[in-house]
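Structure file structure_2.txt (compact mmCIF, C-alpha atoms) is printed below.
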# COMPACT_ATOMS: atom_id res chain seq x y z
CA MET Q 1 -8.43 1.15 -25.87
CA ILE Q 2 -12.08 0.34 -25.16
CA GLU Q 3 -11.78 -2.92 -27.09
CA ILE Q 4 -8.67 -3.95 -25.16
CA ILE Q 5 -10.32 -3.15 -21.82
CA GLN Q 6 -13.40 -5.15 -22.78
CA GLU Q 7 -11.33 -8.17 -23.82
CA TYR Q 8 -8.46 -8.13 -21.32
CA TRP Q 9 -9.77 -6.36 -18.21
CA LYS Q 10 -9.80 -9.60 -16.21
CA ASN Q 11 -6.19 -10.27 -17.14
CA TYR Q 12 -5.16 -6.79 -16.01
CA LEU Q 13 -7.04 -7.02 -12.73
CA PHE Q 14 -6.96 -10.53 -11.31
CA THR Q 15 -6.98 -13.63 -13.57
CA ASP Q 16 -6.47 -15.00 -17.06
CA GLY Q 17 -8.70 -17.98 -16.34
CA TYR Q 18 -5.92 -20.29 -15.20
CA ARG Q 19 -3.87 -18.27 -12.71
CA VAL Q 20 -3.92 -15.06 -10.70
CA THR Q 21 -2.47 -12.17 -12.71
CA GLY Q 22 -2.19 -8.42 -13.08
CA LEU Q 23 -3.22 -6.09 -10.28
CA ALA Q 24 -3.75 -8.92 -7.79
CA ILE Q 25 -0.17 -10.18 -8.27
CA THR Q 26 1.31 -6.68 -8.13
CA MET Q 27 -0.49 -5.93 -4.86
CA TRP Q 28 0.53 -9.33 -3.47
CA LEU Q 29 4.20 -8.63 -4.26
CA LEU Q 30 3.97 -5.15 -2.75
CA VAL Q 31 2.13 -6.08 0.46
CA ILE Q 32 4.20 -9.18 1.26
CA SER Q 33 7.59 -7.63 0.50
CA ILE Q 34 6.77 -4.41 2.36
CA GLY Q 35 5.33 -6.32 5.32
CA LEU Q 36 8.28 -8.68 5.64
CA GLY Q 37 10.74 -5.87 4.99
CA PHE Q 38 9.18 -3.76 7.74
CA CYS Q 39 9.27 -6.59 10.29
CA LEU Q 40 12.92 -7.32 9.52
CA SER Q 41 14.01 -3.69 9.36
CA VAL Q 42 12.93 -2.71 12.88
CA PRO Q 43 15.38 -5.00 14.73
CA LEU Q 44 18.03 -4.36 12.07
CA ALA Q 45 17.65 -0.60 12.57
CA VAL Q 46 18.19 -1.06 16.31
CA ALA Q 47 21.29 -3.13 15.51
CA ARG Q 48 22.44 -0.47 13.04
CA VAL Q 49 22.61 2.18 15.76
CA SER Q 50 24.06 -0.22 18.34
CA LYS Q 51 27.34 0.63 20.05
CA ASN Q 52 28.48 -2.91 19.23
CA LYS Q 53 30.72 -2.26 16.22
CA LEU Q 54 30.53 -5.82 14.90
CA LEU Q 55 26.74 -5.74 14.96
CA SER Q 56 26.34 -2.28 13.48
CA ARG Q 57 28.99 -2.85 10.80
CA SER Q 58 27.38 -6.12 9.74
CA VAL Q 59 24.03 -4.40 9.22
CA TRP Q 60 25.77 -1.50 7.44
CA LEU Q 61 27.41 -3.95 5.04
CA TYR Q 62 24.08 -5.55 4.23
CA THR Q 63 22.35 -2.23 3.57
CA TYR Q 64 25.35 -0.94 1.59
CA VAL Q 65 25.32 -3.96 -0.74
CA PHE Q 66 21.56 -3.96 -1.38
CA ARG Q 67 21.31 -0.18 -1.75
CA GLY Q 68 24.39 -0.07 -3.94
CA THR Q 69 23.27 -2.63 -6.53
CA PRO Q 70 20.23 -2.49 -8.86
CA LEU Q 71 17.15 -4.43 -7.84
CA TYR Q 72 17.07 -5.94 -11.33
CA VAL Q 73 20.50 -7.51 -10.77
CA GLN Q 74 19.46 -8.75 -7.33
CA LEU Q 75 16.39 -10.42 -8.86
CA LEU Q 76 18.50 -12.10 -11.53
CA LEU Q 77 20.91 -13.38 -8.90
CA CYS Q 78 18.04 -14.85 -6.88
CA TYR Q 79 16.15 -16.25 -9.86
CA THR Q 80 18.95 -17.66 -12.02
CA GLY Q 81 22.19 -17.17 -10.11
CA LEU Q 82 21.52 -19.03 -6.88
CA TYR Q 83 19.82 -21.97 -8.59
CA SER Q 84 22.93 -22.48 -10.72
CA LEU Q 85 24.95 -23.26 -7.59
CA GLN Q 86 25.47 -26.96 -7.00
CA VAL Q 87 24.92 -26.63 -3.24
CA VAL Q 88 21.45 -25.21 -3.90
CA ARG Q 89 20.46 -27.85 -6.45
CA ASP Q 90 21.63 -30.63 -4.14
CA HIS Q 91 19.42 -29.41 -1.28
CA MET Q 92 15.83 -30.43 -1.92
CA LEU Q 93 14.14 -27.56 -0.03
CA LEU Q 94 16.44 -24.89 -1.45
CA ALA Q 95 16.07 -26.25 -4.97
CA GLU Q 96 12.28 -26.25 -4.64
CA PHE Q 97 12.27 -22.70 -3.27
CA PHE Q 98 14.54 -21.14 -5.90
CA ARG Q 99 12.78 -22.97 -8.74
CA SER Q 100 9.76 -20.71 -8.18
CA GLY Q 101 9.87 -17.30 -9.83
CA MET Q 102 7.42 -15.93 -7.26
CA ASN Q 103 9.60 -17.05 -4.33
CA CYS Q 104 12.72 -15.54 -5.87
CA THR Q 105 10.92 -12.28 -6.63
CA LEU Q 106 9.55 -11.95 -3.09
CA LEU Q 107 13.00 -12.72 -1.64
CA ALA Q 108 14.73 -10.08 -3.78
CA PHE Q 109 12.04 -7.46 -3.13
CA THR Q 110 12.01 -8.13 0.62
CA LEU Q 111 15.79 -7.91 1.01
CA ASN Q 112 15.93 -4.75 -1.09
CA THR Q 113 13.18 -2.81 0.66
CA CYS Q 114 14.42 -4.03 4.04
CA ALA Q 115 17.84 -2.47 3.35
CA TYR Q 116 16.35 0.94 2.52
CA THR Q 117 13.83 0.81 5.37
CA THR Q 118 16.55 -0.14 7.87
CA GLU Q 119 18.51 3.00 7.04
CA ILE Q 120 15.34 5.14 7.21
CA PHE Q 121 14.44 3.82 10.66
CA ALA Q 122 18.04 3.94 11.88
CA GLY Q 123 18.22 7.63 10.94
CA ALA Q 124 14.96 8.30 12.75
CA ILE Q 125 16.24 6.50 15.87
CA LYS Q 126 19.42 8.59 15.85
CA ALA Q 127 17.32 11.74 15.55
CA THR Q 128 15.27 10.95 18.66
CA PRO Q 129 15.42 14.00 20.96
CA TYR Q 130 17.85 13.35 23.78
CA GLY Q 131 15.43 14.82 26.29
CA GLU Q 132 12.97 11.99 25.64
CA ILE Q 133 15.67 9.41 26.34
CA GLU Q 134 16.85 11.16 29.50
CA ALA Q 135 13.30 11.43 30.80
CA ALA Q 136 12.71 7.71 30.21
CA ARG Q 137 15.96 6.79 31.96
CA ALA Q 138 15.10 9.05 34.89
CA TYR Q 139 11.81 7.18 35.13
CA GLY Q 140 13.80 3.97 35.56
CA MET Q 141 13.16 2.27 32.23
CA SER Q 142 15.44 -0.55 31.12
CA GLY Q 143 17.04 -0.51 27.68
CA PHE Q 144 14.41 -2.82 26.18
CA THR Q 145 11.53 -0.87 27.69
CA LEU Q 146 13.13 2.39 26.55
CA TYR Q 147 13.15 1.21 22.94
CA ARG Q 148 9.71 -0.37 23.15
CA ARG Q 149 7.85 2.52 24.77
CA VAL Q 150 9.80 5.64 23.79
CA ILE Q 151 12.41 5.41 21.05
CA LEU Q 152 10.72 3.13 18.51
CA PRO Q 153 7.22 4.67 18.67
CA SER Q 154 8.70 8.15 18.33
CA ALA Q 155 11.12 7.17 15.54
CA LEU Q 156 8.56 5.24 13.50
CA ARG Q 157 6.12 8.13 13.58
CA ARG Q 158 8.75 10.64 12.46
CA ALA Q 159 10.00 8.27 9.73
CA LEU Q 160 6.52 7.97 8.20
CA PRO Q 161 6.98 10.57 5.40
CA TYR Q 162 10.26 8.96 4.31
CA TYR Q 163 8.84 5.46 4.60
CA SER Q 164 5.88 6.40 2.40
CA ASN Q 165 8.34 7.31 -0.36
CA GLU Q 166 9.98 3.90 -0.03
CA VAL Q 167 6.61 2.16 -0.38
CA ILE Q 168 5.81 4.13 -3.56
CA LEU Q 169 9.26 3.35 -4.97
CA MET Q 170 8.74 -0.32 -4.13
CA LEU Q 171 5.47 -0.26 -6.05
CA HIS Q 172 7.32 1.07 -9.09
CA ALA Q 173 10.07 -1.51 -8.59
CA THR Q 174 7.60 -4.38 -8.87
CA THR Q 175 7.68 -3.81 -12.63
CA VAL Q 176 10.87 -5.90 -12.83
CA ALA Q 177 8.97 -8.98 -11.63
CA PHE Q 178 8.20 -9.99 -15.21
CA THR Q 179 11.89 -10.96 -15.47
CA ALA Q 180 11.10 -13.96 -13.28
CA THR Q 181 7.98 -14.74 -15.37
CA VAL Q 182 5.71 -13.40 -12.62
CA PRO Q 183 2.43 -12.28 -14.27
CA ASP Q 184 2.18 -8.80 -12.75
CA ILE Q 185 0.58 -5.77 -14.42
CA LEU Q 186 3.54 -5.09 -16.70
CA LYS Q 187 3.80 -8.73 -17.78
CA ILE Q 188 0.11 -8.69 -18.75
CA ALA Q 189 0.63 -5.41 -20.64
CA ARG Q 190 3.51 -6.99 -22.57
CA ASP Q 191 1.37 -10.03 -23.40
CA VAL Q 192 -1.51 -7.82 -24.56
CA ASN Q 193 0.90 -5.79 -26.67
CA SER Q 194 2.22 -8.97 -28.28
CA ALA Q 195 -1.31 -10.16 -29.03
CA THR Q 196 -2.74 -6.87 -30.36
CA TYR Q 197 0.30 -4.76 -31.43
CA GLN Q 198 -1.39 -1.78 -29.77
CA SER Q 199 1.51 -0.65 -27.60
CA PHE Q 200 0.11 2.69 -26.46
CA GLU Q 201 -3.17 1.21 -25.31
CA ALA Q 202 -1.64 -1.89 -23.69
CA PHE Q 203 0.95 -0.02 -21.69
CA GLY Q 204 -1.31 2.98 -21.14
CA ILE Q 205 -3.77 0.83 -19.21
CA ALA Q 206 -0.88 -0.47 -17.09
CA ALA Q 207 0.26 3.10 -16.43
CA LEU Q 208 -3.24 4.09 -15.30
CA LEU Q 209 -3.39 1.13 -12.90
CA TYR Q 210 -0.02 2.05 -11.35
CA LEU Q 211 -1.14 5.67 -11.11
CA CYS Q 212 -4.34 4.70 -9.27
CA ILE Q 213 -2.42 2.52 -6.80
CA SER Q 214 0.07 5.34 -6.19
CA PHE Q 215 -2.71 7.85 -5.51
CA ALA Q 216 -4.35 5.41 -3.09
CA LEU Q 217 -1.08 4.83 -1.22
CA VAL Q 218 -0.32 8.54 -1.03
CA TRP Q 219 -3.80 9.21 0.35
CA LEU Q 220 -3.44 6.48 2.99
CA PHE Q 221 -0.04 7.75 4.12
CA ARG Q 222 -1.26 11.35 4.26
CA ARG Q 223 -4.10 10.22 6.51
CA ALA Q 224 -1.63 8.34 8.70
CA GLU Q 225 0.67 11.37 8.91
CA HIS Q 226 -2.28 13.61 9.79
CA ARG Q 227 -3.15 11.30 12.67
CA TRP Q 228 0.23 10.26 14.06
CA LEU Q 229 2.22 13.42 13.37
CA ALA Q 230 -0.39 15.88 14.57
CA TYR Q 231 1.78 16.83 17.54
CA LEU Q 232 4.45 18.21 15.16
CA ARG Q 233 2.09 20.69 13.51
CA PRO Q 234 2.13 24.29 14.77
CA GLN Q 235 -0.62 24.79 17.32
CA GLY Q 236 -2.84 27.86 16.96
CA LYS Q 237 -3.40 30.13 19.92
What would the structure in this file look like if it were written as structure tokens?
Amino acid sequence: MIEIIQEYWKNYLFTDGYRVTGLAITMWLLVISIGLGFCLSVPLAVARVSKNKLLSRSVWLYTYVFRGTPLYVQLLLCYTGLYSLQVVRDHMLLAEFFRSGMNCTLLAFTLNTCAYTTEIFAGAIKATPYGEIEAARAYGMSGFTLYRRVILPSALRRALPYYSNEVILMLHATTVAFTATVPDILKIARDVNSATYQSFEAFGIAALLYLCISFALVWLFRRAEHRWLAYLRPQGK
């Protein structure tokens, strides 16, 4: 394993000399997909709990489809399925977008994590104590202000433990990116294995990298929970 680390450590971490690879690509996929998914999921979660049946049912259908099908299949549809459609190939911008494996991977990851995050946040919104809502209404807050200052801050804080699980699962899900020829950690491990035939060492290094990222994410979320969920802990006398 020492020999492989000495020869391929740059490939595993950030570059093979010609392109960005390994850990840098994995973190890029994770951060961008999680960031975009979060931004999209907040308004979708509000729509999911809306009393407007058409709006809420439309969001439910989206989350049902993306939570009910494997991410691997979604990636294949984005990477090879959509580009096979004539309407996509005839449109210059769409054809250019779906020709890139990175673009297709980010699209599939974003839509997938957004679906799960929407349901997490929608459940947290529904679980908002009614007393908080009544107090805000008695204070004279409008619907928009109520969501902005009371419901969403409270719901997002309480959803933090569940959202941290989704982020960890999304990290693990990035391993399917090699399907779209994206040079993430697993793709580099496969290339090293092909070059050296040392499967345990090649994939063992990848496993250690994923483990380190997971520990770092868990630590960050535990710190966030300690800060933003302190009011839920039992208070000593």
Please provide the set of residues having any atom within 7 Å of Val59 of chain Q, restricted to all atoms listed in the file, with same-chain residues fewer than 4 positions apart removed, written as number ranges by chain.
Q: 44, 47-48, 55, 63
Near segment 88-102 of chain Q, counting all atoms listed in the file, which residues have an atom at most 7 Å away, once you skip same-chain residues fewer than 3 positions from it, shown as a VMD selection string?
chain Q and resid 79 82 to 83 85 105 to 106 180 to 182
Closest atom pairs, segment 106-211 of chain Q residues within 8 Å of segment 3-10 of chain Q, all atoms listed in the file, as CSV:
residue,atom,partner,partner_atom,distance
Q:Val192,CA,Q:Tyr8,CA,7.7
Q:Glu201,CA,Q:Ile4,CA,7.5
Q:Ala202,CA,Q:Ile4,CA,7.5
One decimal, Å: what's the distance from atom CA of Pro161 of chain Q over to atom CA of Arg222 of chain Q, could you say?
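Distance between the two atoms: 8.4 Å.
Atom CA of Ser58 of chain Q to atom CA of Thr117 of chain Q spans 15.8 Å [interatomic distance, one decimal].
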Around (13.1, -5.4, 13.8) in the file's own coordinates, what residues are found within 12 Å if you use all atoms listed in the file, given back as number ranges by chain?
Q: 35-48, 59, 114-115, 117-118, 121-122, 147-148, 152, 156
Can those selected residues be exported to a file as a PDB file, keeping the file's coordinate frame so that it contains C-alpha atoms?
ATOM      1  CA  GLY Q  35       5.330  -6.320   5.320  1.00  0.00           C
ATOM      2  CA  LEU Q  36       8.280  -8.680   5.640  1.00  0.00           C
ATOM      3  CA  GLY Q  37      10.740  -5.870   4.990  1.00  0.00           C
ATOM      4  CA  PHE Q  38       9.180  -3.760   7.740  1.00  0.00           C
ATOM      5  CA  CYS Q  39       9.270  -6.590  10.290  1.00  0.00           C
ATOM      6  CA  LEU Q  40      12.920  -7.320   9.520  1.00  0.00           C
ATOM      7  CA  SER Q  41      14.010  -3.690   9.360  1.00  0.00           C
ATOM      8  CA  VAL Q  42      12.930  -2.710  12.880  1.00  0.00           C
ATOM      9  CA  PRO Q  43      15.380  -5.000  14.730  1.00  0.00           C
ATOM     10  CA  LEU Q  44      18.030  -4.360  12.070  1.00  0.00           C
ATOM     11  CA  ALA Q  45      17.650  -0.600  12.570  1.00  0.00           C
ATOM     12  CA  VAL Q  46      18.190  -1.060  16.310  1.00  0.00           C
ATOM     13  CA  ALA Q  47      21.290  -3.130  15.510  1.00  0.00           C
ATOM     14  CA  ARG Q  48      22.440  -0.470  13.040  1.00  0.00           C
ATOM     15  CA  VAL Q  59      24.030  -4.400   9.220  1.00  0.00           C
ATOM     16  CA  CYS Q 114      14.420  -4.030   4.040  1.00  0.00           C
ATOM     17  CA  ALA Q 115      17.840  -2.470   3.350  1.00  0.00           C
ATOM     18  CA  THR Q 117      13.830   0.810   5.370  1.00  0.00           C
ATOM     19  CA  THR Q 118      16.550  -0.140   7.870  1.00  0.00           C
ATOM     20  CA  PHE Q 121      14.440   3.820  10.660  1.00  0.00           C
ATOM     21  CA  ALA Q 122      18.040   3.940  11.880  1.00  0.00           C
ATOM     22  CA  TYR Q 147      13.150   1.210  22.940  1.00  0.00           C
ATOM     23  CA  ARG Q 148       9.710  -0.370  23.150  1.00  0.00           C
ATOM     24  CA  LEU Q 152      10.720   3.130  18.510  1.00  0.00           C
ATOM     25  CA  LEU Q 156       8.560   5.240  13.500  1.00  0.00           C
TER      26      LEU Q 156
END
Mind checking which residues fall within 12 Å of Ala108 of chain Q, counting all atoms listed in the file, ignoring those fewer than 4 positions away in the same chain, and posting them as a ChimeraX atom specification?
/Q:29-30,32-34,36-37,66,69-80,82,98,101-104,112-115,170,173-174,176-177,180
Among the residues Q:Arg227, Q:Glu134, Q:Tyr210, Q:Thr196, the one that comes closest to Asp184 of chain Q [using all atoms listed in the file]
Q:Tyr210
Starting from the point (-0.1, 9.9, -6.4), work out which residues of protein, DNA or RNA have an atom no more than 12 Å away when counting all atoms listed in the file; state them as number ranges by chain.
Q: 164-165, 167-169, 171-172, 208-222
Residues at most 12 Å from Asn193 of chain Q, counting only C-alpha atoms, excluding those fewer than 5 positions away in the same chain, as a list in words?
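My list of contacting residues is Met1, Ile4, Tyr8, Leu186, Lys187, Ile188, Gln198, Ser199, Phe200, Glu201, Ala202, Phe203, Gly204, Ile205 and Ala206 of chain Q.
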Nearest to Ala124 of chain Q: which of Q:Thr175, Q:Thr145, Q:Val49, Q:Leu54 is it, counting all atoms listed in the file?
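Smallest distance to Ala124 of chain Q is found for Q:Val49.
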To one decimal place, how far is atom CA of Thr21 of chain Q from atom CA of Thr179 of chain Q in Å?
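Here the two named atoms are 14.7 Å from each other.
Closest approach to Ser154 of chain Q among Q:Arg57, Q:Lys51, Q:Lys126, Q:His226 is made by Q:Lys126 (distances from all atoms listed in the file).
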Nearest residue to Tyr163 of chain Q out of Q:Ile120, Q:Ile125, Q:Leu229, Q:Gln86, using all atoms listed in the file?
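Between Q:Ile120, Q:Ile125, Q:Leu229, Q:Gln86, the residue approaching Tyr163 of chain Q most closely is Q:Ile120.
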Taking the structure in the block just given, could you write segment 166-232 of chain Q with C-alpha atoms, as a PDB file, in the first residue's frame?
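Everything below was put into part.pdb:
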ATOM      1  CA  GLU Q 166     -28.889  12.818   3.917  1.00  0.00           C
ATOM      2  CA  VAL Q 167     -25.549  14.573   3.402  1.00  0.00           C
ATOM      3  CA  ILE Q 168     -23.629  11.451   4.488  1.00  0.00           C
ATOM      4  CA  LEU Q 169     -25.758   9.281   2.194  1.00  0.00           C
ATOM      5  CA  MET Q 170     -25.131  11.720  -0.647  1.00  0.00           C
ATOM      6  CA  LEU Q 171     -21.398  11.401  -0.064  1.00  0.00           C
ATOM      7  CA  HIS Q 172     -21.703   7.635  -0.409  1.00  0.00           C
ATOM      8  CA  ALA Q 173     -23.893   8.061  -3.495  1.00  0.00           C
ATOM      9  CA  THR Q 174     -21.172  10.006  -5.298  1.00  0.00           C
ATOM     10  CA  THR Q 175     -19.492   6.660  -5.940  1.00  0.00           C
ATOM     11  CA  VAL Q 176     -21.785   6.129  -8.948  1.00  0.00           C
ATOM     12  CA  ALA Q 177     -20.247   9.162 -10.684  1.00  0.00           C
ATOM     13  CA  PHE Q 178     -17.667   6.957 -12.404  1.00  0.00           C
ATOM     14  CA  THR Q 179     -20.538   5.714 -14.595  1.00  0.00           C
ATOM     15  CA  ALA Q 180     -20.459   9.088 -16.347  1.00  0.00           C
ATOM     16  CA  THR Q 181     -16.638   8.922 -16.609  1.00  0.00           C
ATOM     17  CA  VAL Q 182     -16.251  11.492 -13.822  1.00  0.00           C
ATOM     18  CA  PRO Q 183     -12.815  10.942 -12.196  1.00  0.00           C
ATOM     19  CA  ASP Q 184     -13.913  10.814  -8.557  1.00  0.00           C
ATOM     20  CA  ILE Q 185     -12.211   8.783  -5.811  1.00  0.00           C
ATOM     21  CA  LEU Q 186     -13.741   5.482  -6.896  1.00  0.00           C
ATOM     22  CA  LYS Q 187     -12.838   6.041 -10.552  1.00  0.00           C
ATOM     23  CA  ILE Q 188      -9.215   6.656  -9.552  1.00  0.00           C
ATOM     24  CA  ALA Q 189      -9.263   3.523  -7.368  1.00  0.00           C
ATOM     25  CA  ARG Q 190     -10.523   1.495 -10.328  1.00  0.00           C
ATOM     26  CA  ASP Q 191      -7.798   2.934 -12.562  1.00  0.00           C
ATOM     27  CA  VAL Q 192      -5.113   2.167  -9.960  1.00  0.00           C
ATOM     28  CA  ASN Q 193      -6.466  -1.352  -9.598  1.00  0.00           C
ATOM     29  CA  SER Q 194      -6.297  -1.838 -13.366  1.00  0.00           C
ATOM     30  CA  ALA Q 195      -2.716  -0.581 -13.452  1.00  0.00           C
ATOM     31  CA  THR Q 196      -1.373  -2.494 -10.435  1.00  0.00           C
ATOM     32  CA  TYR Q 197      -3.784  -5.448  -9.901  1.00  0.00           C
ATOM     33  CA  GLN Q 198      -3.638  -4.694  -6.174  1.00  0.00           C
ATOM     34  CA  SER Q 199      -7.364  -4.522  -5.500  1.00  0.00           C
ATOM     35  CA  PHE Q 200      -7.269  -4.454  -1.706  1.00  0.00           C
ATOM     36  CA  GLU Q 201      -4.779  -1.613  -1.572  1.00  0.00           C
ATOM     37  CA  ALA Q 202      -6.385   0.428  -4.370  1.00  0.00           C
ATOM     38  CA  PHE Q 203      -9.893   0.265  -2.981  1.00  0.00           C
ATOM     39  CA  GLY Q 204      -8.707   0.322   0.627  1.00  0.00           C
ATOM     40  CA  ILE Q 205      -7.205   3.771   0.115  1.00  0.00           C
ATOM     41  CA  ALA Q 206     -10.510   4.930  -1.386  1.00  0.00           C
ATOM     42  CA  ALA Q 207     -12.389   3.518   1.608  1.00  0.00           C
ATOM     43  CA  LEU Q 208     -10.109   5.390   4.010  1.00  0.00           C
ATOM     44  CA  LEU Q 209     -10.677   8.659   2.147  1.00  0.00           C
ATOM     45  CA  TYR Q 210     -14.471   8.226   2.280  1.00  0.00           C
ATOM     46  CA  LEU Q 211     -14.215   7.335   5.966  1.00  0.00           C
ATOM     47  CA  CYS Q 212     -12.220  10.491   6.734  1.00  0.00           C
ATOM     48  CA  ILE Q 213     -14.728  12.679   4.879  1.00  0.00           C
ATOM     49  CA  SER Q 214     -17.610  11.024   6.725  1.00  0.00           C
ATOM     50  CA  PHE Q 215     -15.978  11.602  10.115  1.00  0.00           C
ATOM     51  CA  ALA Q 216     -15.366  15.252   9.223  1.00  0.00           C
ATOM     52  CA  LEU Q 217     -18.985  15.753   8.147  1.00  0.00           C
ATOM     53  CA  VAL Q 218     -20.328  14.043  11.262  1.00  0.00           C
ATOM     54  CA  TRP Q 219     -18.136  16.250  13.453  1.00  0.00           C
ATOM     55  CA  LEU Q 220     -19.305  19.423  11.681  1.00  0.00           C
ATOM     56  CA  PHE Q 221     -22.970  18.483  11.998  1.00  0.00           C
ATOM     57  CA  ARG Q 222     -22.577  17.557  15.662  1.00  0.00           C
ATOM     58  CA  ARG Q 223     -21.064  20.981  16.297  1.00  0.00           C
ATOM     59  CA  ALA Q 224     -23.951  22.603  14.431  1.00  0.00           C
ATOM     60  CA  GLU Q 225     -26.512  20.603  16.416  1.00  0.00           C
ATOM     61  CA  HIS Q 226     -24.782  21.523  19.681  1.00  0.00           C
ATOM     62  CA  ARG Q 227     -25.080  25.197  18.773  1.00  0.00           C
ATOM     63  CA  TRP Q 228     -28.489  25.450  17.110  1.00  0.00           C
ATOM     64  CA  LEU Q 229     -30.363  22.772  19.046  1.00  0.00           C
ATOM     65  CA  ALA Q 230     -29.111  23.731  22.488  1.00  0.00           C
ATOM     66  CA  TYR Q 231     -32.587  24.913  23.487  1.00  0.00           C
ATOM     67  CA  LEU Q 232     -33.924  21.352  23.102  1.00  0.00           C
TER      68      LEU Q 232
END
